[in-house]
$ cat data.cif   # mmCIF, C-alpha atoms and all ligand atoms
data_target
loop_
_atom_site.label_atom_id
_atom_site.label_comp_id
_atom_site.auth_asym_id
_atom_site.auth_seq_id
_atom_site.Cartn_x
_atom_site.Cartn_y
_atom_site.Cartn_z
CA MET A 1 12.69 143.78 58.85
CA GLN A 2 9.94 146.40 58.92
CA HIS A 3 9.52 149.85 57.44
CA THR A 4 12.52 149.55 55.11
CA ASP A 5 10.42 150.89 52.24
CA GLN A 6 10.57 154.37 53.72
CA LEU A 7 14.27 154.25 54.47
CA SER A 8 17.09 155.48 52.28
CA PRO A 9 19.37 152.66 51.06
CA ALA A 10 22.01 153.69 53.60
CA GLN A 11 19.43 153.67 56.40
CA ALA A 12 18.17 150.25 55.25
CA MET A 13 21.74 148.86 55.40
CA LEU A 14 22.16 150.39 58.86
CA ALA A 15 18.88 148.85 60.04
CA VAL A 16 20.11 145.35 59.11
CA ILE A 17 23.50 146.00 60.74
CA LEU A 18 21.86 147.16 63.98
CA GLU A 19 19.90 143.90 64.19
CA HIS A 20 23.04 141.72 63.99
CA ASP A 21 26.34 141.09 65.74
CA ASN A 22 29.51 139.04 65.09
CA ILE A 23 29.81 140.78 61.77
CA VAL A 24 32.34 139.79 59.09
CA ILE A 25 33.41 142.63 56.80
CA ALA A 26 34.64 141.28 53.47
CA ALA A 27 35.75 142.88 50.22
CA HIS A 28 36.94 141.50 46.89
CA GLY A 29 40.22 139.60 46.70
CA SER A 30 43.29 141.28 45.21
CA PRO A 31 41.86 144.38 46.85
CA ASP A 32 42.40 147.92 45.60
CA GLY A 33 42.25 151.10 47.66
CA ASP A 34 38.46 151.24 47.53
CA ALA A 35 38.08 147.64 48.74
CA ILE A 36 40.45 148.21 51.68
CA GLY A 37 39.17 151.74 52.34
CA ALA A 38 35.56 150.55 52.46
CA THR A 39 36.56 147.61 54.68
CA GLY A 40 38.37 149.88 57.14
CA ALA A 41 35.65 152.54 57.13
CA MET A 42 32.96 149.94 57.82
CA ALA A 43 35.11 148.39 60.55
CA TYR A 44 35.58 151.68 62.43
CA LEU A 45 31.91 152.47 61.97
CA LEU A 46 30.81 149.11 63.42
CA LYS A 47 33.22 149.39 66.33
CA GLN A 48 31.64 152.71 67.22
CA LEU A 49 28.28 150.96 67.14
CA GLY A 50 29.66 148.46 69.68
CA LYS A 51 29.70 145.49 67.30
CA THR A 52 32.05 142.52 67.42
CA ILE A 53 33.72 142.39 64.03
CA ALA A 54 36.23 140.45 61.95
CA LEU A 55 37.85 141.60 58.71
CA TYR A 56 38.13 139.24 55.78
CA ASN A 57 40.01 139.31 52.50
CA ALA A 58 40.87 136.17 50.56
CA THR A 59 44.25 137.54 49.45
CA GLY A 60 45.02 139.77 52.44
CA ILE A 61 46.36 143.31 52.28
CA PRO A 62 48.71 144.14 49.39
CA GLU A 63 52.04 145.61 50.45
CA TYR A 64 51.30 149.06 49.04
CA LEU A 65 48.27 149.35 51.32
CA GLU A 66 49.87 147.99 54.50
CA TRP A 67 49.96 151.48 56.01
CA VAL A 68 46.16 151.72 56.05
CA PRO A 69 44.88 151.80 59.63
CA LEU A 70 42.64 148.80 60.31
CA PRO A 71 41.18 147.74 63.65
CA GLY A 72 42.44 144.17 63.85
CA ARG A 73 43.93 141.52 61.61
CA VAL A 74 42.56 140.50 58.24
CA TYR A 75 41.51 136.84 58.02
CA THR A 76 42.10 135.07 54.72
CA LYS A 77 40.14 131.83 55.34
CA PRO A 78 36.57 131.46 56.63
CA SER A 79 37.77 128.59 58.88
CA GLN A 80 40.07 131.03 60.74
CA LEU A 81 37.31 133.45 61.71
CA PRO A 82 37.08 133.94 65.49
CA PHE A 83 33.30 133.48 65.56
CA ARG A 84 30.42 132.07 63.55
CA PRO A 85 29.33 134.99 61.35
CA GLY A 86 26.05 136.56 62.43
CA LEU A 87 26.19 138.75 59.32
CA ILE A 88 28.57 139.10 56.39
CA ILE A 89 28.91 142.51 54.76
CA ALA A 90 30.28 142.22 51.21
CA LEU A 91 31.91 145.48 50.06
CA ASP A 92 32.95 146.62 46.58
CA CYS A 93 32.27 143.12 45.36
CA GLY A 94 30.66 143.04 41.90
CA ASP A 95 30.00 139.32 42.22
CA VAL A 96 30.10 136.82 45.07
CA TRP A 97 32.99 134.82 43.62
CA ARG A 98 35.22 137.85 43.96
CA LEU A 99 35.21 137.16 47.72
CA GLY A 100 37.47 134.20 46.92
CA LYS A 101 36.78 130.51 46.44
CA GLU A 102 36.53 129.56 50.12
CA MET A 103 34.28 132.41 51.20
CA ASN A 104 32.16 131.94 48.08
CA ALA A 105 31.58 128.31 49.10
CA VAL A 106 30.13 129.21 52.53
CA PHE A 107 28.67 132.66 51.85
CA ALA A 108 25.08 131.47 51.47
CA ASP A 109 25.23 129.74 54.89
CA TYR A 110 25.10 133.11 56.69
CA PRO A 111 22.91 136.22 56.55
CA SER A 112 24.47 138.87 54.34
CA ILE A 113 24.21 142.34 52.89
CA SER A 114 26.12 143.82 49.96
CA ILE A 115 27.20 147.43 49.38
CA ASP A 116 28.70 147.98 45.96
CA HIS A 117 28.86 150.23 42.90
CA HIS A 118 29.41 147.75 40.04
CA LEU A 119 26.68 147.90 37.39
CA SER A 120 26.67 144.16 36.78
CA ASN A 121 26.24 143.15 40.44
CA PRO A 122 23.72 140.26 40.48
CA LEU A 123 22.39 141.16 43.99
CA PHE A 124 23.75 138.06 45.70
CA ALA A 125 23.27 138.97 49.37
CA SER A 126 20.34 137.55 51.33
CA LEU A 127 19.22 140.46 53.56
CA GLY A 128 19.79 143.45 51.31
CA ASN A 129 21.76 144.72 48.34
CA TRP A 130 22.61 148.37 47.93
CA VAL A 131 24.16 148.61 44.47
CA ASP A 132 24.50 152.06 42.95
CA PRO A 133 26.74 152.50 39.88
CA HIS A 134 26.43 156.27 40.28
CA MET A 135 28.52 156.08 43.42
CA ALA A 136 32.18 156.77 42.64
CA ALA A 137 33.48 154.48 45.37
CA THR A 138 32.12 151.94 47.83
CA GLY A 139 33.79 153.97 50.58
CA GLN A 140 31.44 156.82 49.64
CA MET A 141 28.50 154.49 50.35
CA VAL A 142 29.96 153.43 53.70
CA ALA A 143 30.26 157.13 54.58
CA ALA A 144 26.52 157.44 53.89
CA VAL A 145 25.86 154.57 56.32
CA ALA A 146 28.01 156.40 58.91
CA ASP A 147 25.93 159.54 58.30
CA ALA A 148 22.74 157.52 58.80
CA ALA A 149 24.17 156.30 62.12
CA ASN A 150 25.29 159.81 63.14
CA ILE A 151 28.87 158.61 63.40
CA PRO A 152 31.29 161.47 62.61
CA LEU A 153 33.58 161.14 59.59
CA THR A 154 36.80 161.71 61.51
CA GLY A 155 40.01 159.93 62.46
CA GLU A 156 40.76 156.54 60.93
CA LEU A 157 37.27 156.20 59.51
CA ALA A 158 37.83 159.41 57.53
CA GLN A 159 41.24 158.22 56.32
CA CYS A 160 39.69 155.03 55.00
CA VAL A 161 36.86 156.85 53.22
CA TYR A 162 39.38 159.22 51.66
CA LEU A 163 41.50 156.31 50.46
CA SER A 164 38.41 154.89 48.73
CA LEU A 165 37.63 158.20 47.03
CA VAL A 166 41.20 158.79 45.87
CA SER A 167 41.54 155.23 44.56
CA ASP A 168 38.34 154.96 42.56
CA THR A 169 38.32 158.49 41.16
CA GLY A 170 41.97 158.44 40.06
CA SER A 171 42.69 161.17 42.63
CA PHE A 172 39.58 163.17 41.70
CA THR A 173 40.17 163.08 37.94
CA HIS A 174 37.92 160.37 36.47
CA GLY A 175 34.45 161.03 35.08
CA ASN A 176 32.91 159.71 38.32
CA THR A 177 34.31 162.66 40.30
CA SER A 178 30.93 164.17 41.09
CA ALA A 179 30.07 167.19 43.20
CA ALA A 180 29.07 164.71 45.92
CA VAL A 181 32.62 163.27 45.87
CA PHE A 182 34.16 166.72 46.31
CA GLU A 183 31.63 167.57 49.02
CA LEU A 184 32.44 164.39 50.92
CA ALA A 185 36.19 164.98 50.56
CA ALA A 186 35.71 168.55 51.81
CA ARG A 187 33.86 167.24 54.88
CA LEU A 188 36.68 164.80 55.61
CA VAL A 189 39.29 167.58 55.41
CA ALA A 190 37.11 169.89 57.51
CA GLY A 191 36.99 167.09 60.10
CA GLY A 192 40.77 167.11 60.41
CA LEU A 193 41.91 164.70 57.70
CA ASP A 194 45.50 165.26 56.48
CA ALA A 195 45.06 164.69 52.74
CA ALA A 196 48.72 165.39 51.95
CA ALA A 197 49.86 162.70 54.41
CA ILE A 198 47.70 160.11 52.65
CA ARG A 199 48.99 161.23 49.27
CA GLU A 200 52.53 160.71 50.55
CA LYS A 201 51.75 157.20 51.81
CA LEU A 202 49.98 156.22 48.60
CA ASP A 203 52.29 157.72 46.00
CA ASN A 204 55.84 158.18 47.19
CA GLN A 205 56.40 154.54 48.01
CA TRP A 206 57.75 153.08 44.80
CA SER A 207 60.24 150.26 45.22
CA LEU A 208 63.20 150.17 42.86
CA PRO A 209 62.05 146.79 41.40
CA LYS A 210 58.67 148.33 40.56
CA THR A 211 60.30 151.39 39.02
CA ARG A 212 62.61 149.27 36.84
CA LEU A 213 59.78 146.93 35.79
CA TRP A 214 57.65 149.90 34.71
CA GLY A 215 60.62 151.24 32.77
CA LYS A 216 60.92 148.01 30.81
CA LEU A 217 57.19 147.70 30.15
CA LEU A 218 56.91 151.34 29.03
CA GLN A 219 59.63 150.57 26.49
CA GLU A 220 57.81 147.48 25.26
CA LEU A 221 54.17 148.52 25.12
CA ARG A 222 52.45 148.27 21.74
CA ILE A 223 50.36 150.90 20.05
CA GLU A 224 47.48 149.57 17.93
CA CYS A 225 44.39 150.82 16.08
CA ASP A 226 45.96 153.96 14.63
CA GLY A 227 47.35 154.98 17.98
CA GLU A 228 44.06 154.70 19.83
CA VAL A 229 44.87 151.50 21.75
CA ALA A 230 47.91 150.86 23.95
CA LEU A 231 48.58 147.28 24.96
CA CYS A 232 51.15 145.69 27.20
CA SER A 233 51.63 142.12 28.35
CA VAL A 234 53.76 140.83 31.18
CA THR A 235 54.64 137.33 32.39
CA LEU A 236 55.19 136.12 35.94
CA ASP A 237 58.83 135.42 35.08
CA GLU A 238 59.36 138.99 33.90
CA ILE A 239 57.85 140.37 37.11
CA ALA A 240 59.97 138.02 39.22
CA SER A 241 63.15 138.84 37.28
CA PHE A 242 62.94 142.40 38.64
CA GLY A 243 62.16 141.23 42.17
CA ALA A 244 58.77 142.92 41.72
CA VAL A 245 55.32 141.61 42.68
CA ARG A 246 52.07 141.48 40.71
CA GLU A 247 50.55 144.36 42.70
CA ASP A 248 53.34 146.55 41.33
CA LEU A 249 51.34 146.67 38.08
CA GLU A 250 48.48 148.49 39.81
CA GLY A 251 48.17 151.79 37.95
CA PHE A 252 50.11 150.71 34.86
CA ALA A 253 47.03 150.69 32.62
CA GLU A 254 46.27 154.27 33.76
CA GLN A 255 49.81 155.24 32.86
CA MET A 256 49.38 153.89 29.31
CA ARG A 257 46.05 155.69 29.02
CA ARG A 258 47.97 158.97 29.47
CA ILE A 259 49.66 158.59 26.09
CA LYS A 260 48.34 161.25 23.71
CA LYS A 261 45.64 159.89 21.35
CA VAL A 262 45.28 156.62 23.28
CA ARG A 263 41.65 155.94 24.17
CA VAL A 264 41.84 152.41 25.50
CA ALA A 265 44.76 151.03 27.52
CA VAL A 266 45.05 147.29 28.03
CA LEU A 267 47.33 145.42 30.41
CA ILE A 268 47.51 141.63 30.18
CA ARG A 269 49.24 140.15 33.19
CA GLN A 270 49.99 136.48 33.63
CA ASP A 271 48.70 135.06 36.90
CA PRO A 272 49.58 131.74 38.54
CA GLY A 273 47.69 128.67 37.29
CA ASN A 274 47.38 129.26 33.55
CA ARG A 275 45.43 132.46 33.91
CA TYR A 276 45.70 135.98 32.59
CA LYS A 277 44.40 139.11 34.28
CA LEU A 278 43.03 141.68 31.88
CA SER A 279 42.98 145.30 33.06
CA MET A 280 41.52 148.04 30.89
CA ARG A 281 41.16 151.79 31.16
CA SER A 282 39.38 154.26 28.88
CA SER A 283 37.77 157.67 29.11
CA GLY A 284 34.57 159.32 27.90
CA GLN A 285 32.08 156.97 26.27
CA ASP A 286 34.56 154.25 25.28
CA ASP A 287 33.04 151.35 27.21
CA VAL A 288 35.61 148.83 28.40
CA ARG A 289 33.12 147.10 30.71
CA THR A 290 31.44 145.44 27.74
CA VAL A 291 34.86 144.25 26.53
CA ALA A 292 35.56 142.74 29.96
CA ALA A 293 32.08 141.18 29.99
CA ARG A 294 32.98 139.22 26.85
CA PHE A 295 35.55 137.41 28.97
CA GLY A 296 33.21 136.93 31.94
CA GLY A 297 34.59 140.00 33.72
CA GLY A 298 33.12 143.38 34.57
CA GLY A 299 33.79 146.71 36.23
CA HIS A 300 32.88 150.20 35.15
CA LEU A 301 32.53 152.15 31.88
CA ASN A 302 36.12 153.43 32.03
CA ALA A 303 37.83 150.81 34.22
CA ALA A 304 37.18 147.12 33.83
CA GLY A 305 38.87 143.77 34.08
CA ALA A 306 38.55 140.04 33.63
CA THR A 307 40.41 136.84 34.35
CA ILE A 308 40.98 134.58 31.37
CA ASP A 309 41.84 130.87 31.67
CA SER A 310 44.54 130.17 29.11
CA SER A 311 48.16 129.17 28.76
CA ASP A 312 48.58 131.03 25.48
CA MET A 313 49.61 134.65 25.92
CA GLN A 314 49.59 135.43 22.18
CA GLY A 315 46.07 134.00 21.88
CA VAL A 316 44.88 136.16 24.77
CA ILE A 317 46.45 139.24 23.19
CA MET A 318 44.75 138.57 19.84
CA GLN A 319 41.37 137.87 21.46
CA THR A 320 41.60 141.01 23.56
CA LEU A 321 42.53 143.25 20.64
CA GLU A 322 39.64 141.84 18.64
CA ALA A 323 37.25 142.50 21.53
CA VAL A 324 38.55 146.06 21.99
CA ARG A 325 38.07 146.73 18.25
CA SER A 326 34.51 145.49 18.55
CA ILE A 327 33.48 148.38 20.80
CA SER A 328 34.14 150.45 17.66
CA LEU A 329 35.84 153.51 19.02
CA LYS A 330 33.78 156.44 17.87
CA PRO A 331 35.40 159.45 16.24
CA VAL A 332 36.38 161.86 19.00
CA GLU A 333 34.26 164.65 17.43
CA SER A 334 31.09 162.66 18.05
CA LEU A 335 31.74 162.07 21.75
P1 LIG B 1 41.48 146.47 37.75
O1 LIG B 1 41.83 146.61 36.32
O2 LIG B 1 41.99 147.60 38.57
O3 LIG B 1 41.80 145.13 38.32
O4 LIG B 1 39.89 146.54 37.82
C1 LIG B 1 39.17 147.61 37.27
C2 LIG B 1 37.71 147.45 37.59
O5 LIG B 1 37.21 146.26 36.99
C3 LIG B 1 37.40 147.32 39.07
O6 LIG B 1 36.20 148.01 39.32
C4 LIG B 1 37.22 145.85 39.30
O7 LIG B 1 36.30 145.63 40.32
C5 LIG B 1 36.69 145.36 37.96
N1 LIG B 1 37.24 144.03 37.68
C6 LIG B 1 38.53 143.70 37.55
N2 LIG B 1 38.68 142.38 37.29
C7 LIG B 1 37.43 141.87 37.27
C8 LIG B 1 36.89 140.56 37.05
O8 LIG B 1 37.62 139.58 36.84
N3 LIG B 1 35.53 140.43 37.10
C9 LIG B 1 34.72 141.49 37.35
N4 LIG B 1 33.40 141.27 37.40
N5 LIG B 1 35.18 142.72 37.55
C10 LIG B 1 36.50 142.92 37.50
MN MN B 2 35.31 150.25 43.97
#
$ encode --input "data.cif" --output "structure tokens"
Amino acid sequence: MQHTDQLSPAQAMLAVILEHDNIVIAAHGSPDGDAIGATGAMAYLLKQLGKTIALYNATGIPEYLEWVPLPGRVYTKPSQLPFRPGLIIALDCGDVWRLGKEMNAVFADYPSISIDHHLSNPLFASLGNWVDPHMAATGQMVAAVADAANIPLTGELAQCVYLSLVSDTGSFTHGNTSAAVFELAARLVAGGLDAAAIREKLDNQWSLPKTRLWGKLLQELRIECDGEVALCSVTLDEIASFGAVREDLEGFAEQMRRIKKVRVAVLIRQDPGNRYKLSMRSSGQDDVRTVAARFGGGGHLNAAGATIDSSDMQGVIMQTLEAVRSISLKPVESL
């Protein structure tokens, strides 16, 4: 590829895309709103560029995001893909393994680019890596690629970008809610986006099992470290006993973070196969990414996670609390 030195990162990504076809758009497994939003936005963008595309996610679309408009089905196995990939675009994927075991195994066989905002991203794609931790959401970066291609931010593409922004900024409340985020959101609304309709689809969809499960967990959560840490653990059996699903815990750590005085909220969720999923939320300078990194995980300053191999819930709780203490929460006055 020539002349990429003079191009902006978004233009450089576009230049690679324009040179390829039969493009697979993939985001991290157990996707959140940014992963699905970025996937959808990229898909609509590439369709407008006349590309043949396939969408990929190792764990498919979670139920709470099934309303998101996507052009075509989401494949969950590389062997199912309708064509040999000419290019794989990895989105919102802080590491290649987060694409899932099967995609991870074949990823290096195909040309690839990566667009992501995780600080610890090891730049795993072969033809270009645009990794910018200052971006609030990967969907924001896809919007910049659309701008570079002169594709308008309207219709389904705009809905997907908005979903990304809402998801990764905590509905425009987290520290990453920059002027650029508001400006982009304003452009989407000016282009005809119905923000209230998306809010309705995202928020007012709670199942009764989810509501009851949250009720129980809110009763049971523990407060540690002089009230500065909230911690909750949940087993697969508990989730199943309510008829709930694991995705129903999305947002629970944020909810604990809302408790007055709490600076770090920790959710430990059992996953199938002797594993625990750690989910942490903080605010200000309290850095949960370094805590997650201790367990081989990652994420962002105020939102991070890890997967821990263990069959001992109590052990995981103790280890996690010890790791959270180690970031030595600073007195609030000094923040
Ligand atoms: P969540 O708690 O919502 O699953 O994740 C919060 C943030 O941490 C997200 O940005 C997510 O990408 C990142 N994250 C969650 N789990 C892992 C993990 O196991 N490894 C890495 N590297 N990042 C994770
Ligand atoms: Mn993201």
$ residues_near_ligand --input "data.cif" --ligand "ligand LIG 1 (chain B)" --cutoff "9 Å" --atoms "all atoms listed in the file" --output "PyMOL selection string"
chain A and resi 28+30-32+35+92-95+97-98+117-118+120-121+168+250-251+253+266-267+277-281+289+292-293+295-300+302-308
$ atom_distance --input "data.cif" --atom1 "atom CA of A:Phe83" --atom2 "atom CA of A:Ile23"
8.9 Å
$ residues_around --input "data.cif" --residues "A:Gly243" --least-positions-apart "5" --cutoff "12 Å" --atoms "all atoms listed in the file" --output "list in words"
Ser207, Leu208, Pro209, Lys210, Thr211, Arg212, Leu213, Leu236, Asp237, Glu238 and Asp248 of chain A
$ residues_around --input "data.cif" --residues "stretch 214-224 of chain A" --least-positions-apart "2" --cutoff "9 Å" --atoms "only C-alpha atoms" --output "PyMOL selection string"
chain A and resi 209-212+226-234+248-249+252+255-256+262+321
$ write_last_selection --input "data.cif" --atoms "C-alpha atoms" --output "compact mmCIF listing (two decimals), in the frame of the given file"
# COMPACT_ATOMS: atom_id res chain seq x y z
CA PRO A 209 62.05 146.79 41.40
CA LYS A 210 58.67 148.33 40.56
CA THR A 211 60.30 151.39 39.02
CA ARG A 212 62.61 149.27 36.84
CA ASP A 226 45.96 153.96 14.63
CA GLY A 227 47.35 154.98 17.98
CA GLU A 228 44.06 154.70 19.83
CA VAL A 229 44.87 151.50 21.75
CA ALA A 230 47.91 150.86 23.95
CA LEU A 231 48.58 147.28 24.96
CA CYS A 232 51.15 145.69 27.20
CA SER A 233 51.63 142.12 28.35
CA VAL A 234 53.76 140.83 31.18
CA ASP A 248 53.34 146.55 41.33
CA LEU A 249 51.34 146.67 38.08
CA PHE A 252 50.11 150.71 34.86
CA GLN A 255 49.81 155.24 32.86
CA MET A 256 49.38 153.89 29.31
CA VAL A 262 45.28 156.62 23.28
CA LEU A 321 42.53 143.25 20.64
$ closest_residue --input "data.cif" --among "A:Pro62, A:Ala137, A:Tyr56, A:Lys47" --to "ligand MN 2 (chain B)" --atoms "all atoms listed in the file"
A:Ala137
$ closest_residue --input "data.cif" --among "A:Leu157, A:Leu65, A:Ala244, A:Ala90" --to "ligand MN 2 (chain B)" --atoms "all atoms listed in the file"
A:Ala90
$ closest_residue --input "data.cif" --among "A:Ala27, A:Ile259, A:Leu45, A:Leu99" --to "ligand MN 2 (chain B)" --atoms "all atoms listed in the file"
A:Ala27
$ decode --input "data.cif" --residues "stretch 312-327 of chain A" --atoms "N, CA and C atoms" --output "PDB file, in the first residue's frame"
ATOM      1  N   ASP A 312     -13.070 -22.482  42.218  1.00  0.00           N
ATOM      2  CA  ASP A 312     -13.182 -22.080  43.618  1.00  0.00           C
ATOM      3  C   ASP A 312     -13.622 -20.619  43.720  1.00  0.00           C
ATOM      4  N   MET A 313     -14.932 -20.441  43.836  1.00  0.00           N
ATOM      5  CA  MET A 313     -15.480 -19.087  43.894  1.00  0.00           C
ATOM      6  C   MET A 313     -14.884 -18.266  45.034  1.00  0.00           C
ATOM      7  N   GLN A 314     -14.788 -18.856  46.232  1.00  0.00           N
ATOM      8  CA  GLN A 314     -14.264 -18.094  47.381  1.00  0.00           C
ATOM      9  C   GLN A 314     -12.827 -17.634  47.116  1.00  0.00           C
ATOM     10  N   GLY A 315     -12.038 -18.531  46.509  1.00  0.00           N
ATOM     11  CA  GLY A 315     -10.660 -18.188  46.175  1.00  0.00           C
ATOM     12  C   GLY A 315     -10.606 -17.014  45.211  1.00  0.00           C
ATOM     13  N   VAL A 316     -11.480 -17.039  44.224  1.00  0.00           N
ATOM     14  CA  VAL A 316     -11.511 -15.955  43.223  1.00  0.00           C
ATOM     15  C   VAL A 316     -11.897 -14.639  43.897  1.00  0.00           C
ATOM     16  N   ILE A 317     -12.868 -14.720  44.813  1.00  0.00           N
ATOM     17  CA  ILE A 317     -13.300 -13.507  45.526  1.00  0.00           C
ATOM     18  C   ILE A 317     -12.122 -12.915  46.319  1.00  0.00           C
ATOM     19  N   MET A 318     -11.418 -13.794  47.056  1.00  0.00           N
ATOM     20  CA  MET A 318     -10.304 -13.313  47.880  1.00  0.00           C
ATOM     21  C   MET A 318      -9.202 -12.698  47.018  1.00  0.00           C
ATOM     22  N   GLN A 319      -8.856 -13.413  45.945  1.00  0.00           N
ATOM     23  CA  GLN A 319      -7.807 -12.913  45.031  1.00  0.00           C
ATOM     24  C   GLN A 319      -8.191 -11.553  44.444  1.00  0.00           C
ATOM     25  N   THR A 320      -9.457 -11.438  44.068  1.00  0.00           N
ATOM     26  CA  THR A 320      -9.912 -10.198  43.432  1.00  0.00           C
ATOM     27  C   THR A 320      -9.863  -9.039  44.422  1.00  0.00           C
ATOM     28  N   LEU A 321     -10.351  -9.298  45.642  1.00  0.00           N
ATOM     29  CA  LEU A 321     -10.334  -8.229  46.649  1.00  0.00           C
ATOM     30  C   LEU A 321      -8.908  -7.771  46.928  1.00  0.00           C
ATOM     31  N   GLU A 322      -8.009  -8.737  47.013  1.00  0.00           N
ATOM     32  CA  GLU A 322      -6.599  -8.408  47.248  1.00  0.00           C
ATOM     33  C   GLU A 322      -6.052  -7.543  46.106  1.00  0.00           C
ATOM     34  N   ALA A 323      -6.406  -7.914  44.884  1.00  0.00           N
ATOM     35  CA  ALA A 323      -5.919  -7.162  43.721  1.00  0.00           C
ATOM     36  C   ALA A 323      -6.514  -5.755  43.697  1.00  0.00           C
ATOM     37  N   VAL A 324      -7.801  -5.637  44.066  1.00  0.00           N
ATOM     38  CA  VAL A 324      -8.433  -4.306  44.080  1.00  0.00           C
ATOM     39  C   VAL A 324      -7.764  -3.437  45.144  1.00  0.00           C
ATOM     40  N   ARG A 325      -7.470  -4.026  46.308  1.00  0.00           N
ATOM     41  CA  ARG A 325      -6.791  -3.257  47.374  1.00  0.00           C
ATOM     42  C   ARG A 325      -5.438  -2.762  46.892  1.00  0.00           C
ATOM     43  N   SER A 326      -4.811  -3.550  46.033  1.00  0.00           N
ATOM     44  CA  SER A 326      -3.443  -3.205  45.618  1.00  0.00           C
ATOM     45  C   SER A 326      -3.389  -1.951  44.751  1.00  0.00           C
ATOM     46  N   ILE A 327      -4.514  -1.544  44.168  1.00  0.00           N
ATOM     47  CA  ILE A 327      -4.443  -0.302  43.379  1.00  0.00           C
ATOM     48  C   ILE A 327      -4.506   0.898  44.310  1.00  0.00           C
TER      49      ILE A 327
END
